[in-house]
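Engineer: Before I ask anything, here is the structure I am working with.
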Amino acid sequence: MGLEQSKQKFLWVLGEADRGDTFTGEARRFVLPEGFEERIKEVGLLVREWAPQPEILAHSSTGGFLGDGSFENRLAREGVGETRGAVRPWATRRDEHVTSEMAENAVKTSMASADGDEMRKRAADFLTIY
């Protein structure tokens, strides 16, 4: 819901973490809110299978990335991204579910703010080195 509420264009890859608890291995049925896919069809794209993450991240129209944290931690060390605290303070709130408001704020910050503009500039500079 946070993606929809952010009013930003997005690509959402529903991966393994969306199908079950990655810590316990417990499977779950992932259900989107009723009418979600119809409401977002002009701004969002859902991918229910594997997607080529490096190619997506390298594409010129990609303005941000929100993931599970493993890749983001390296980017944060390089100064081109934020760690999990961008959505919720990891150290103090790791047992809480991410709310739609948390996701919406993280997307808006990265895509429609001066902080997001600066992160994208640092990311572009970083990528020219590699």
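Numbering starts fresh at 1 for the residues of each chain in the structure tokens, the chains themselves are lettered A, B, ... in the order given, and ligands are numbered from 1 as they appear.
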For stretch 58-61 of chain A, list every protein, DNA or RNA residue within 12 Å, evaluated using only C-alpha atoms, and leave out those in the same chain fewer than 2 positions away; present the list as a list in words.
Structural biologist: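 Close residues of stretch 58-61 of chain A: Lys9, Phe10, Leu11, Pro52, Gln53, Pro54, Glu55, Ile56, Gly63, Gly64, Phe65, Met111, Arg120, Ala123, Ala124, Phe126, Leu127, Thr128 and Tyr130 of chain A.
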Engineer: Hey, can you check how far atom CA of A:Thr109 sits from atom CA of A:Thr62?
Structural biologist: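 Separating atom CA of A:Thr109 from atom CA of A:Thr62 is a distance of 14.9 Å.
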Engineer: If I take atom CA of A:Gln5 and atom CA of A:Glu104, how far is one from the other in Å, to one decimal?
Structural biologist: 6.1 Å
